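Chemist: Here you go, upload.pdb (PDB, C-alpha atoms (C1' of nucleotides)):
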ATOM      1  CA  MET A  21      -5.002  42.500   1.841
ATOM      2  CA  ILE A  22      -7.990  40.921   0.157
ATOM      3  CA  ASP A  23      -7.586  43.156  -2.879
ATOM      4  CA  LYS A  24      -3.987  42.092  -3.144
ATOM      5  CA  TYR A  25      -4.838  38.448  -3.620
ATOM      6  CA  ARG A  26      -8.077  38.785  -5.532
ATOM      7  CA  ASP A  27      -6.389  37.917  -8.812
ATOM      8  CA  LEU A  28      -5.457  34.506  -7.481
ATOM      9  CA  GLN A  29      -8.992  33.428  -8.291
ATOM     10  CA  ILE A  30      -9.285  31.274  -5.233
ATOM     11  CA  LYS A  31     -11.714  31.723  -2.364
ATOM     12  CA  LEU A  32     -10.142  34.004   0.193
ATOM     13  CA  THR A  33     -11.215  32.490   3.464
ATOM     14  CA  PRO A  34      -9.881  33.878   6.747
ATOM     15  CA  GLN A  35      -7.674  30.812   7.085
ATOM     16  CA  ARG A  36      -6.167  31.383   3.678
ATOM     17  CA  LEU A  37      -5.545  35.014   4.400
ATOM     18  CA  ALA A  38      -3.687  33.977   7.536
ATOM     19  CA  ILE A  39      -1.543  31.587   5.530
ATOM     20  CA  LEU A  40      -0.916  34.215   2.865
ATOM     21  CA  GLY A  41      -0.015  36.676   5.589
ATOM     22  CA  PHE A  42       2.457  34.267   7.108
ATOM     23  CA  LEU A  43       4.074  33.542   3.767
ATOM     24  CA  GLU A  44       4.353  37.160   2.716
ATOM     25  CA  ASN A  45       8.006  38.168   2.675
ATOM     26  CA  ASN A  46       8.834  34.958   4.482
ATOM     27  CA  ARG A  47      12.384  33.872   3.676
ATOM     28  CA  SER A  48      12.449  30.849   5.971
ATOM     29  CA  HIS A  49      11.267  28.306   3.376
ATOM     30  CA  PRO A  50       8.771  26.820   5.833
ATOM     31  CA  SER A  51       7.458  23.279   5.854
ATOM     32  CA  ALA A  52       3.742  22.549   5.969
ATOM     33  CA  GLU A  53       4.053  22.046   9.698
ATOM     34  CA  ASP A  54       5.798  25.388  10.183
ATOM     35  CA  ILE A  55       2.882  27.045   8.426
ATOM     36  CA  TYR A  56       0.335  25.025  10.347
ATOM     37  CA  ARG A  57       1.888  25.968  13.668
ATOM     38  CA  ALA A  58       2.095  29.634  12.760
ATOM     39  CA  VAL A  59      -1.548  30.015  11.757
ATOM     40  CA  LEU A  60      -2.792  27.781  14.570
ATOM     41  CA  LYS A  61      -2.356  30.727  16.933
ATOM     42  CA  GLN A  62      -5.065  32.658  15.097
ATOM     43  CA  PHE A  63      -7.200  29.637  14.185
ATOM     44  CA  PRO A  64      -7.153  26.979  16.872
ATOM     45  CA  THR A  65      -9.263  24.723  14.651
ATOM     46  CA  MET A  66      -6.883  24.951  11.713
ATOM     47  CA  SER A  67      -6.179  21.596  10.117
ATOM     48  CA  PHE A  68      -3.386  20.229   7.986
ATOM     49  CA  ALA A  69      -5.949  19.561   5.288
ATOM     50  CA  THR A  70      -6.496  23.283   4.970
ATOM     51  CA  VAL A  71      -2.798  24.040   4.906
ATOM     52  CA  TYR A  72      -2.136  21.500   2.186
ATOM     53  CA  ASN A  73      -5.236  22.492   0.280
ATOM     54  CA  THR A  74      -4.175  26.130   0.291
ATOM     55  CA  LEU A  75      -0.601  25.347  -0.659
ATOM     56  CA  GLU A  76      -1.850  23.215  -3.514
ATOM     57  CA  ALA A  77      -4.053  26.063  -4.720
ATOM     58  CA  LEU A  78      -1.222  28.580  -4.491
ATOM     59  CA  LYS A  79       1.146  26.224  -6.223
ATOM     60  CA  SER A  80      -1.226  25.661  -9.111
ATOM     61  CA  LYS A  81      -1.647  29.407  -9.488
ATOM     62  CA  GLY A  82       2.110  29.762  -9.566
ATOM     63  CA  ASN A  83       2.212  31.798  -6.385
ATOM     64  CA  VAL A  84       4.287  29.431  -4.331
ATOM     65  CA  GLN A  85       7.084  27.105  -5.195
ATOM     66  CA  GLU A  86       7.492  23.660  -3.707
ATOM     67  CA  LEU A  87      11.092  22.860  -2.816
ATOM     68  CA  LYS A  88      12.339  19.307  -3.217
ATOM     69  CA  ILE A  89      15.474  19.896  -1.205
ATOM     70  CA  ASP A  90      14.603  18.169   2.025
ATOM     71  CA  PRO A  91      13.801  14.533   1.350
ATOM     72  CA  GLY A  92      10.679  13.444   3.173
ATOM     73  CA  LYS A  93       9.552  16.952   4.015
ATOM     74  CA  LYS A  94       8.361  19.437   1.471
ATOM     75  CA  ARG A  95       9.249  23.058   1.977
ATOM     76  CA  TYR A  96       7.587  26.047   0.414
ATOM     77  CA  ASP A  97       8.944  29.246  -1.029
ATOM     78  CA  PRO A  98       6.658  32.238  -1.629
ATOM     79  CA  ASP A  99       9.395  33.921  -3.646
ATOM     80  CA  ILE A 100       8.756  32.823  -7.193
ATOM     81  CA  SER A 101      11.399  35.008  -8.779
ATOM     82  CA  ARG A 102      14.305  33.168 -10.337
ATOM     83  CA  HIS A 103      16.817  32.220  -7.673
ATOM     84  CA  HIS A 104      18.661  29.277  -6.220
ATOM     85  CA  HIS A 105      19.211  27.818  -2.775
ATOM     86  CA  LEU A 106      21.956  27.062  -0.327
ATOM     87  CA  ILE A 107      21.189  24.420   2.287
ATOM     88  CA  CYS A 108      22.918  23.649   5.543
ATOM     89  CA  MET A 109      23.538  19.908   5.573
ATOM     90  CA  LYS A 110      23.234  19.824   9.353
ATOM     91  CA  CYS A 111      20.325  22.036  10.365
ATOM     92  CA  LYS A 112      18.568  22.167   6.960
ATOM     93  CA  ASN A 113      18.392  25.927   6.974
ATOM     94  CA  ILE A 114      17.893  27.291   3.484
ATOM     95  CA  VAL A 115      19.070  30.654   2.211
ATOM     96  CA  ASP A 116      18.398  32.227  -1.139
ATOM     97  CA  ILE A 117      21.051  32.735  -3.782
ATOM     98  CA  PHE A 118      20.282  35.559  -6.143
ATOM     99  CA  LYS A 119      22.687  35.141  -8.990
ATOM    100  CA  ASP A 120      22.184  34.218 -12.583
ATOM    101  CA  PHE A 121      24.118  31.315 -14.006
ATOM    102  CA  ASP A 122      24.337  30.326 -17.623
ATOM    103  CA  ILE A 123      23.409  26.679 -17.521
ATOM    104  CA  SER A 124      21.549  26.062 -20.746
ATOM    105  CA  LEU A 125      21.697  22.635 -22.331
ATOM    106  CA  SER A 126      22.522  21.979 -25.955
ATOM    107  CA  GLU A 127      20.056  19.732 -27.791
ATOM    108  CA  ASP A 128      22.391  16.765 -27.882
ATOM    109  CA  LEU A 129      22.252  16.447 -24.095
ATOM    110  CA  THR A 130      18.533  16.591 -23.536
ATOM    111  CA  SER A 131      17.544  13.049 -24.585
ATOM    112  CA  GLY A 132      14.599  14.491 -26.453
ATOM    113  CA  PHE A 133      13.197  16.238 -23.395
ATOM    114  CA  ASP A 134      11.357  19.486 -23.690
ATOM    115  CA  ILE A 135      13.276  21.544 -21.128
ATOM    116  CA  ILE A 136      11.134  23.791 -18.960
ATOM    117  CA  GLY A 137      13.394  24.992 -16.173
ATOM    118  CA  ASN A 138      16.221  24.260 -13.812
ATOM    119  CA  SER A 139      17.398  24.922 -10.315
ATOM    120  CA  ILE A 140      20.691  24.811  -8.512
ATOM    121  CA  GLU A 141      21.203  23.691  -4.961
ATOM    122  CA  PHE A 142      24.360  24.500  -3.089
ATOM    123  CA  TYR A 143      25.226  22.404  -0.061
ATOM    124  CA  GLY A 144      27.301  23.435   2.896
ATOM    125  CA  ILE A 145      27.484  24.059   6.600
ATOM    126  CA  CYS A 146      26.051  27.255   7.984
ATOM    127  CA  ARG A 147      27.956  29.480  10.345
ATOM    128  CA  SER A 148      26.268  28.370  13.557
ATOM    129  CA  CYS A 149      26.539  24.661  12.718
ATOM    130  CA  GLY A 150      30.178  25.049  11.678
ATOM    131  CA  SER A 151      31.439  26.877  14.723
ATOM    132  CA  ARG A 152      29.460  24.616  17.014
ATOM    133  CA  LYS A 153      31.487  21.546  16.108
TER     134      LYS A 153
ATOM    135  CA  MET B  15      32.289  -9.898  -7.722
ATOM    136  CA  ILE B  16      33.234 -10.230  -4.090
ATOM    137  CA  ASP B  17      36.785  -9.046  -4.795
ATOM    138  CA  LYS B  18      35.406  -6.009  -6.527
ATOM    139  CA  TYR B  19      33.604  -4.773  -3.471
ATOM    140  CA  ARG B  20      36.006  -5.936  -0.786
ATOM    141  CA  ASP B  21      37.381  -2.452  -0.289
ATOM    142  CA  LEU B  22      33.964  -1.211   0.792
ATOM    143  CA  GLN B  23      34.696  -2.665   4.212
ATOM    144  CA  ILE B  24      31.180  -3.813   4.758
ATOM    145  CA  LYS B  25      30.010  -7.388   5.159
ATOM    146  CA  LEU B  26      29.270  -8.800   1.744
ATOM    147  CA  THR B  27      26.181 -10.871   2.352
ATOM    148  CA  PRO B  28      24.400 -12.546  -0.556
ATOM    149  CA  GLN B  29      21.613  -9.982  -0.243
ATOM    150  CA  ARG B  30      24.071  -7.135  -0.505
ATOM    151  CA  LEU B  31      25.764  -8.674  -3.492
ATOM    152  CA  ALA B  32      22.378  -8.896  -5.190
ATOM    153  CA  ILE B  33      21.746  -5.217  -4.477
ATOM    154  CA  LEU B  34      25.222  -4.282  -5.689
ATOM    155  CA  GLY B  35      24.625  -6.351  -8.805
ATOM    156  CA  PHE B  36      21.370  -4.589  -9.495
ATOM    157  CA  LEU B  37      22.915  -1.161  -9.003
ATOM    158  CA  GLU B  38      25.947  -1.854 -11.150
ATOM    159  CA  ASN B  39      25.740   0.225 -14.319
ATOM    160  CA  ASN B  40      22.155   1.016 -13.464
ATOM    161  CA  ARG B  41      21.146   4.346 -14.944
ATOM    162  CA  SER B  42      17.522   4.270 -13.852
ATOM    163  CA  HIS B  43      18.015   6.108 -10.545
ATOM    164  CA  PRO B  44      15.890   3.547  -8.692
ATOM    165  CA  SER B  45      13.916   4.134  -5.528
ATOM    166  CA  ALA B  46      14.278   1.844  -2.516
ATOM    167  CA  GLU B  47      11.191   0.008  -3.678
ATOM    168  CA  ASP B  48      12.577  -0.501  -7.178
ATOM    169  CA  ILE B  49      15.652  -2.088  -5.640
ATOM    170  CA  TYR B  50      13.575  -4.149  -3.218
ATOM    171  CA  ARG B  51      11.407  -5.494  -6.027
ATOM    172  CA  ALA B  52      14.393  -6.337  -8.203
ATOM    173  CA  VAL B  53      16.250  -8.359  -5.580
ATOM    174  CA  LEU B  54      13.073  -9.962  -4.253
ATOM    175  CA  LYS B  55      13.198 -12.337  -7.213
ATOM    176  CA  GLN B  56      16.415 -13.863  -5.941
ATOM    177  CA  PHE B  57      15.640 -13.490  -2.239
ATOM    178  CA  PRO B  58      11.951 -13.963  -1.520
ATOM    179  CA  THR B  59      12.580 -13.107   2.132
ATOM    180  CA  MET B  60      14.303  -9.819   1.349
ATOM    181  CA  SER B  61      13.100  -6.993   3.537
ATOM    182  CA  PHE B  62      13.076  -3.242   3.214
ATOM    183  CA  ALA B  63      15.216  -3.050   6.318
ATOM    184  CA  THR B  64      18.006  -4.783   4.445
ATOM    185  CA  VAL B  65      17.621  -2.552   1.409
ATOM    186  CA  TYR B  66      17.774   0.611   3.495
ATOM    187  CA  ASN B  67      20.557  -0.772   5.646
ATOM    188  CA  THR B  68      22.645  -1.570   2.581
ATOM    189  CA  LEU B  69      21.934   1.766   0.934
ATOM    190  CA  GLU B  70      22.919   3.532   4.118
ATOM    191  CA  ALA B  71      26.171   1.590   4.249
ATOM    192  CA  LEU B  72      26.946   2.330   0.597
ATOM    193  CA  LYS B  73      26.073   5.962   1.053
ATOM    194  CA  SER B  74      28.372   6.341   4.043
ATOM    195  CA  LYS B  75      31.182   4.727   2.063
ATOM    196  CA  GLY B  76      30.533   7.188  -0.749
ATOM    197  CA  ASN B  77      29.542   4.480  -3.184
ATOM    198  CA  VAL B  78      26.004   5.601  -3.818
ATOM    199  CA  GLN B  79      24.424   9.004  -3.985
ATOM    200  CA  GLU B  80      21.003   9.803  -2.569
ATOM    201  CA  LEU B  81      18.946  12.007  -4.860
ATOM    202  CA  LYS B  82      16.575  14.555  -3.350
ATOM    203  CA  ILE B  83      14.755  15.186  -6.577
ATOM    204  CA  ASP B  84      11.541  13.341  -5.999
ATOM    205  CA  PRO B  85       9.756  14.759  -2.970
ATOM    206  CA  GLY B  86       8.585  12.031  -0.650
ATOM    207  CA  LYS B  87      10.590   9.285  -2.324
ATOM    208  CA  LYS B  88      14.325   8.985  -2.232
ATOM    209  CA  ARG B  89      16.111   7.782  -5.310
ATOM    210  CA  TYR B  90      19.586   6.366  -5.531
ATOM    211  CA  ASP B  91      22.371   6.829  -8.034
ATOM    212  CA  PRO B  92      25.301   4.400  -8.167
ATOM    213  CA  ASP B  93      27.167   6.806 -10.434
ATOM    214  CA  ILE B  94      29.125   9.009  -8.082
ATOM    215  CA  SER B  95      31.022  10.886 -10.766
ATOM    216  CA  ARG B  96      30.172  14.555 -11.052
ATOM    217  CA  HIS B  97      27.052  15.000 -13.116
ATOM    218  CA  HIS B  98      23.611  16.577 -13.033
ATOM    219  CA  HIS B  99      20.066  15.398 -13.674
ATOM    220  CA  LEU B 100      17.154  16.047 -15.958
ATOM    221  CA  ILE B 101      13.751  15.002 -14.617
ATOM    222  CA  CYS B 102      10.498  14.450 -16.463
ATOM    223  CA  MET B 103       7.853  16.386 -14.560
ATOM    224  CA  LYS B 104       5.198  13.878 -15.584
ATOM    225  CA  CYS B 105       6.680  10.389 -15.264
ATOM    226  CA  LYS B 106       9.612  11.299 -12.973
ATOM    227  CA  ASN B 107      12.124   9.613 -15.220
ATOM    228  CA  ILE B 108      15.619  10.872 -14.554
ATOM    229  CA  VAL B 109      18.429  11.066 -17.059
ATOM    230  CA  ASP B 110      22.025  12.033 -16.449
ATOM    231  CA  ILE B 111      23.570  15.234 -17.714
ATOM    232  CA  PHE B 112      27.291  15.033 -18.160
ATOM    233  CA  LYS B 113      28.413  18.575 -18.586
ATOM    234  CA  ASP B 114      30.477  20.842 -16.416
ATOM    235  CA  PHE B 115      29.071  24.204 -15.457
ATOM    236  CA  ASP B 116      30.902  27.011 -13.746
ATOM    237  CA  ILE B 117      28.628  27.816 -10.835
ATOM    238  CA  SER B 118      30.930  28.864  -8.052
ATOM    239  CA  LEU B 119      29.716  31.365  -5.489
ATOM    240  CA  SER B 120      31.601  34.437  -4.416
ATOM    241  CA  GLU B 121      31.987  34.880  -0.668
ATOM    242  CA  ASP B 122      29.499  37.715  -0.454
ATOM    243  CA  LEU B 123      26.662  35.378  -1.458
ATOM    244  CA  THR B 124      27.286  32.509   0.912
ATOM    245  CA  SER B 125      25.921  33.975   4.166
ATOM    246  CA  GLY B 126      28.934  32.612   5.978
ATOM    247  CA  PHE B 127      28.306  29.048   4.857
ATOM    248  CA  ASP B 128      31.142  26.674   4.242
ATOM    249  CA  ILE B 129      30.230  25.461   0.753
ATOM    250  CA  ILE B 130      30.749  21.773   0.139
ATOM    251  CA  GLY B 131      29.043  21.022  -3.142
ATOM    252  CA  ASN B 132      26.200  21.723  -5.514
ATOM    253  CA  SER B 133      23.911  20.059  -7.957
ATOM    254  CA  ILE B 134      21.761  21.173 -10.825
ATOM    255  CA  GLU B 135      18.373  19.778 -11.711
ATOM    256  CA  PHE B 136      16.802  20.407 -15.078
ATOM    257  CA  TYR B 137      13.068  19.984 -15.404
ATOM    258  CA  GLY B 138      11.144  19.114 -18.496
ATOM    259  CA  ILE B 139       8.884  16.680 -20.283
ATOM    260  CA  CYS B 140      10.372  13.548 -21.754
ATOM    261  CA  ARG B 141       9.676  12.429 -25.276
ATOM    262  CA  SER B 142       7.106   9.772 -24.480
ATOM    263  CA  CYS B 143       5.178  11.982 -22.057
ATOM    264  CA  GLY B 144       5.248  14.902 -24.488
ATOM    265  CA  SER B 145       3.976  13.083 -27.543
ATOM    266  CA  ARG B 146       1.382  11.247 -25.517
ATOM    267  CA  LYS B 147      -0.545  14.416 -24.702
TER     268      LYS B 147
ATOM    269  C1'  DC C  11      33.906 -16.129  18.146
ATOM    270  C1'  DT C  12      31.679 -11.951  17.699
ATOM    271  C1'  DA C  13      30.509  -7.763  15.450
ATOM    272  C1'  DT C  14      27.473  -7.031  12.183
ATOM    273  C1'  DC C  15      23.513  -8.170   9.225
ATOM    274  C1'  DT C  16      18.811 -10.093   8.210
ATOM    275  C1'  DG C  17      13.906 -10.205   8.401
ATOM    276  C1'  DC C  18       9.790  -9.358  10.536
ATOM    277  C1'  DA C  19       6.521  -6.314  12.462
ATOM    278  C1'  DA C  20       5.537  -2.323  14.663
ATOM    279  C1'  DA C  21       6.213   2.664  14.853
ATOM    280  C1'  DC C  22       7.097   6.998  12.766
ATOM    281  C1'  DG C  23       6.534  11.472  10.276
ATOM    282  C1'  DT C  24       4.529  13.514   6.378
ATOM    283  C1'  DT C  25       0.971  13.872   3.130
ATOM    284  C1'  DT C  26      -3.540  12.516   1.249
ATOM    285  C1'  DT C  27      -8.296  11.302   1.455
ATOM    286  C1'  DG C  28     -13.436  10.922   2.564
ATOM    287  C1'  DC C  29     -17.012  13.175   4.076
ATOM    288  C1'  DA C  30     -20.337  16.046   6.576
ATOM    289  C1'  DT C  31     -20.704  20.815   7.378
ATOM    290  C1'  DC C  32     -19.958  25.511   6.355
ATOM    291  C1'  DT C  33     -18.999  29.890   3.564
ATOM    292  C1'  DG C  34     -17.295  33.239  -0.137
ATOM    293  C1'  DT C  35     -18.751  35.027  -4.131
TER     294       DT C  35
ATOM    295  C1'  DA D   5     -27.547  29.052  -4.462
ATOM    296  C1'  DC D   6     -23.794  26.463  -5.027
ATOM    297  C1'  DA D   7     -18.977  25.575  -6.155
ATOM    298  C1'  DG D   8     -15.616  25.110  -3.419
ATOM    299  C1'  DA D   9     -13.401  25.321   1.388
ATOM    300  C1'  DT D  10     -13.003  23.660   6.279
ATOM    301  C1'  DG D  11     -11.948  20.344   9.903
ATOM    302  C1'  DC D  12     -11.813  15.973  11.704
ATOM    303  C1'  DA D  13     -10.316  11.379  11.632
ATOM    304  C1'  DA D  14      -8.673   7.643   9.171
ATOM    305  C1'  DA D  15      -5.666   5.905   5.763
ATOM    306  C1'  DA D  16      -1.752   5.896   2.842
ATOM    307  C1'  DC D  17       2.971   6.227   1.915
ATOM    308  C1'  DG D  18       7.958   5.955   2.426
ATOM    309  C1'  DT D  19      11.207   5.311   5.917
ATOM    310  C1'  DT D  20      13.084   3.951  10.456
ATOM    311  C1'  DT D  21      13.442   1.138  14.478
ATOM    312  C1'  DG D  22      13.716  -2.874  17.940
ATOM    313  C1'  DC D  23      14.903  -7.150  18.451
ATOM    314  C1'  DA D  24      15.712 -12.270  18.094
ATOM    315  C1'  DG D  25      18.121 -15.252  15.307
ATOM    316  C1'  DA D  26      21.619 -15.903  11.612
ATOM    317  C1'  DT D  27      26.188 -15.287   9.383
ATOM    318  C1'  DA D  28      30.545 -13.163   7.302
ATOM    319  C1'  DG D  29      35.092 -12.454   8.429
TER     320       DG D  29
END
Rewrite the coordinates I just gave you, this time as structure tokens.
Modeler:
Amino acid sequence: MIDKYRDLQIKLTPQRLAILGFLENNRSHPSAEDIYRAVLKQFPTMSFATVYNTLEALKSKGNVQELKIDPGKKRYDPDISRHHHLICMKCKNIVDIFKDFDISLSEDLTSGFDIIGNSIEFYGICRSCGSRK
Amino acid sequence: MIDKYRDLQIKLTPQRLAILGFLENNRSHPSAEDIYRAVLKQFPTMSFATVYNTLEALKSKGNVQELKIDPGKKRYDPDISRHHHLICMKCKNIVDIFKDFDISLSEDLTSGFDIIGNSIEFYGICRSCGSRK
DNA sequence: CTATCTGCAAACGTTTTGCATCTGT
DNA sequence: ACAGATGCAAAACGTTTGCAGATAG
């Protein structure tokens, strides 16, 4: 476990290992609070400062992606491979979309920007929210 | 001016007309505070409650689009035609991208969601932020 | 006339900060 | 040993709410 994350070049405290453990293979796109609540079980003194600090460190190392999908509540994605997202407009559940789209921009549309990346969000209603209506 | 917005079916108060005037042909994708500050000149008693109230009304009438691009700060777009956005990762400037992309999802990727829409965000560094480095 | 809007201030939820103490490396 | 992390509490930030008084239709 420790070996696995040694190349992150951040201090691997027990709290951080718990956070890393929670994020590993996590497809739920958790918010900071989701993470906080999950690791609180192991570390009753855990603080939000530590959660945010760790997320910031992971983000800067490119190990976690911050999603801007939910206004007023950041969500985090430990899967940094190229993919997109589909969000339920009612319950805010997020699922991954693994498909490649050709969405490059020709120079005349970029207003002189240096383009670095892109992401697609699909919006809809998930099965349980739809049938529940 | 009043005639133009009569079909919105909301009360056209002077404050709302000022907000509508500010938004008209506005390509800056302003935040609530940007709007508040702009109309404050004409209405020194303007409050955030009125700005948010008006934006909510316009949104529900489909006259304004809420952008989820900037985490922790909603931005608003009076252009409701289909288009995408390009964001400067440094200064958060947003420019419109008018180009149609074919990004439909086949059923096997939607996890049972009822898909309603999508949007693409391009990320980059704008000219003034890039040359300033 | 009355349903709706305004403006103020207080409350809210999320994120950030300051700082004394502690700990990986 | 010491750069950097933790945990607490306070503050900051954007947004929402309650309500008394005002106003568009």
Chemist: Work out how far apart CA of Tyr50 (chain B) and CA of Leu22 (chain B) are and give it in Å to one decimal.
Modeler: 21.0 Å
Chemist: Would you translate the PyMOL selection byres ((chain C) within 10 of (chain A)) into the concrete set of residues it matches in this file, as a PyMOL selection string?
Modeler: chain C and resi 23-27+33-35
Chemist: Report, in Å to a single decimal, how far apart C1' of DA26 (chain D) and C1' of DC15 (chain C) are.
Modeler: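 Going from C1' of DC15 (chain C) over to C1' of DA26 (chain D), I get 8.3 Å.
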Chemist: Between A:Tyr25, A:Phe142, A:Phe133, A:Phe63, which residue has the minimum interatomic distance to chain D, considering all atoms listed in the file?
Modeler: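 Using all atoms listed in the file, chain D sits closest to A:Phe63.
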Chemist: Which residues, named as in the file, does the PyMOL selection byres ((chain A) within 6 of (chain B)) pick out? Answer as a list in words.
Modeler: Lys88, Ile89, Pro91, Gly92, Gly132, Phe133, Asp134, Ile135, Ile136, Gly137, Asn138, Ser139, Ile140, Glu141, Phe142, Tyr143, Gly144, Ile145, Cys146 and Arg147 of chain A
Chemist: Give me, as a ChimeraX atom specification, the residues of chain D touching chain B, with the criterion being at most 12 Å (counting only C-alpha atoms (C1' of nucleotides)).
Modeler: /D:17-22,26-29
Chemist: Both chains have the same sequence, so match all Cα atoms in order, fit chain A onto chain B by least squares, and return it as a compact mmCIF listing (two decimals) with C-alpha atoms, keeping the file's coordinate frame.
Modeler:
# COMPACT_ATOMS: atom_id res chain seq x y z
CA MET A 21 32.46 -9.73 -7.67
CA ILE A 22 33.37 -10.06 -4.02
CA ASP A 23 36.89 -8.83 -4.68
CA LYS A 24 35.48 -5.81 -6.42
CA TYR A 25 33.63 -4.60 -3.37
CA ARG A 26 36.02 -5.74 -0.67
CA ASP A 27 37.35 -2.22 -0.18
CA LEU A 28 33.93 -1.02 0.87
CA GLN A 29 34.67 -2.46 4.29
CA ILE A 30 31.16 -3.66 4.81
CA LYS A 31 30.02 -7.25 5.24
CA LEU A 32 29.32 -8.70 1.83
CA THR A 33 26.27 -10.82 2.42
CA PRO A 34 24.52 -12.51 -0.50
CA GLN A 35 21.71 -9.98 -0.22
CA ARG A 36 24.13 -7.10 -0.47
CA LEU A 37 25.85 -8.61 -3.44
CA ALA A 38 22.48 -8.87 -5.15
CA ILE A 39 21.79 -5.21 -4.45
CA LEU A 40 25.26 -4.23 -5.64
CA GLY A 41 24.72 -6.31 -8.75
CA PHE A 42 21.44 -4.59 -9.47
CA LEU A 43 22.93 -1.15 -8.99
CA GLU A 44 25.99 -1.79 -11.11
CA ASN A 45 25.77 0.28 -14.28
CA ASN A 46 22.17 1.03 -13.45
CA ARG A 47 21.14 4.36 -14.96
CA SER A 48 17.50 4.23 -13.88
CA HIS A 49 17.96 6.07 -10.57
CA PRO A 50 15.86 3.49 -8.73
CA SER A 51 13.84 4.04 -5.58
CA ALA A 52 14.21 1.77 -2.57
CA GLU A 53 11.15 -0.12 -3.74
CA ASP A 54 12.57 -0.61 -7.24
CA ILE A 55 15.64 -2.17 -5.65
CA TYR A 56 13.58 -4.24 -3.26
CA ARG A 57 11.46 -5.62 -6.07
CA ALA A 58 14.47 -6.43 -8.22
CA VAL A 59 16.34 -8.41 -5.58
CA LEU A 60 13.18 -10.07 -4.26
CA LYS A 61 13.34 -12.44 -7.23
CA GLN A 62 16.59 -13.92 -5.93
CA PHE A 63 15.78 -13.56 -2.23
CA PRO A 64 12.11 -14.10 -1.50
CA THR A 65 12.73 -13.22 2.15
CA MET A 66 14.37 -9.90 1.35
CA SER A 67 13.11 -7.07 3.52
CA PHE A 68 13.03 -3.32 3.17
CA ALA A 69 15.14 -3.11 6.29
CA THR A 70 17.96 -4.80 4.43
CA VAL A 71 17.58 -2.59 1.40
CA TYR A 72 17.67 0.57 3.47
CA ASN A 73 20.45 -0.74 5.66
CA THR A 74 22.57 -1.52 2.62
CA LEU A 75 21.84 1.79 0.94
CA GLU A 76 22.77 3.58 4.13
CA ALA A 77 26.05 1.68 4.28
CA LEU A 78 26.84 2.41 0.64
CA LYS A 79 25.93 6.03 1.07
CA SER A 80 28.20 6.45 4.06
CA LYS A 81 31.04 4.87 2.12
CA GLY A 82 30.39 7.30 -0.69
CA ASN A 83 29.45 4.57 -3.14
CA VAL A 84 25.91 5.67 -3.79
CA GLN A 85 24.30 9.03 -3.97
CA GLU A 86 20.87 9.80 -2.59
CA LEU A 87 18.81 12.00 -4.89
CA LYS A 88 16.44 14.54 -3.38
CA ILE A 89 14.62 15.17 -6.62
CA ASP A 90 11.41 13.30 -6.03
CA PRO A 91 9.69 14.66 -2.94
CA GLY A 92 8.46 11.88 -0.70
CA LYS A 93 10.46 9.17 -2.42
CA LYS A 94 14.20 8.92 -2.29
CA ARG A 95 16.00 7.73 -5.37
CA TYR A 96 19.49 6.35 -5.57
CA ASP A 97 22.29 6.84 -8.04
CA PRO A 98 25.25 4.45 -8.13
CA ASP A 99 27.11 6.85 -10.41
CA ILE A 100 29.06 9.05 -8.06
CA SER A 101 30.97 10.91 -10.74
CA ARG A 102 30.14 14.58 -11.08
CA HIS A 103 26.99 15.02 -13.13
CA HIS A 104 23.56 16.57 -13.06
CA HIS A 105 20.02 15.41 -13.69
CA LEU A 106 17.10 16.06 -15.96
CA ILE A 107 13.70 15.01 -14.65
CA CYS A 108 10.45 14.48 -16.48
CA MET A 109 7.80 16.41 -14.56
CA LYS A 110 5.14 13.91 -15.58
CA CYS A 111 6.61 10.42 -15.30
CA LYS A 112 9.55 11.29 -13.00
CA ASN A 113 12.06 9.62 -15.25
CA ILE A 114 15.56 10.88 -14.58
CA VAL A 115 18.39 11.08 -17.09
CA ASP A 116 21.97 12.05 -16.47
CA ILE A 117 23.52 15.26 -17.74
CA PHE A 118 27.24 15.04 -18.18
CA LYS A 119 28.39 18.58 -18.62
CA ASP A 120 30.45 20.84 -16.46
CA PHE A 121 29.07 24.20 -15.49
CA ASP A 122 30.93 26.98 -13.78
CA ILE A 123 28.69 27.79 -10.87
CA SER A 124 31.03 28.78 -8.08
CA LEU A 125 29.86 31.26 -5.48
CA SER A 126 31.80 34.32 -4.41
CA GLU A 127 32.24 34.71 -0.65
CA ASP A 128 29.76 37.55 -0.37
CA LEU A 129 26.90 35.25 -1.36
CA THR A 130 27.53 32.35 0.95
CA SER A 131 26.19 33.78 4.23
CA GLY A 132 29.20 32.36 6.01
CA PHE A 133 28.53 28.81 4.84
CA ASP A 134 31.34 26.43 4.17
CA ILE A 135 30.39 25.30 0.66
CA ILE A 136 30.87 21.60 -0.01
CA GLY A 137 29.12 20.91 -3.29
CA ASN A 138 26.26 21.66 -5.60
CA SER A 139 23.92 20.02 -8.03
CA ILE A 140 21.74 21.17 -10.87
CA GLU A 141 18.36 19.78 -11.73
CA PHE A 142 16.77 20.42 -15.08
CA TYR A 143 13.03 20.00 -15.39
CA GLY A 144 11.09 19.15 -18.49
CA ILE A 145 8.83 16.73 -20.28
CA CYS A 146 10.31 13.61 -21.77
CA ARG A 147 9.62 12.52 -25.31
CA SER A 148 7.03 9.86 -24.53
CA CYS A 149 5.12 12.08 -22.09
CA GLY A 150 5.20 15.01 -24.51
CA SER A 151 3.93 13.23 -27.58
CA ARG A 152 1.31 11.41 -25.56
CA LYS A 153 -0.58 14.59 -24.72
Chemist: Would you work out the distance separating C1' of DC18 (chain C) from CA of Ser74 (chain B), expressed in Å to one decimal?
Modeler: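 Between C1' of DC18 (chain C) and CA of Ser74 (chain B) the gap works out to 25.2 Å.
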Chemist: Applied to the shown file, which residues does the PyMOL selection byres ((chain B and resi 92) around 7) return, written as a PyMOL selection string?
Modeler: chain B and resi 37-38+77-79+90-91+93-94
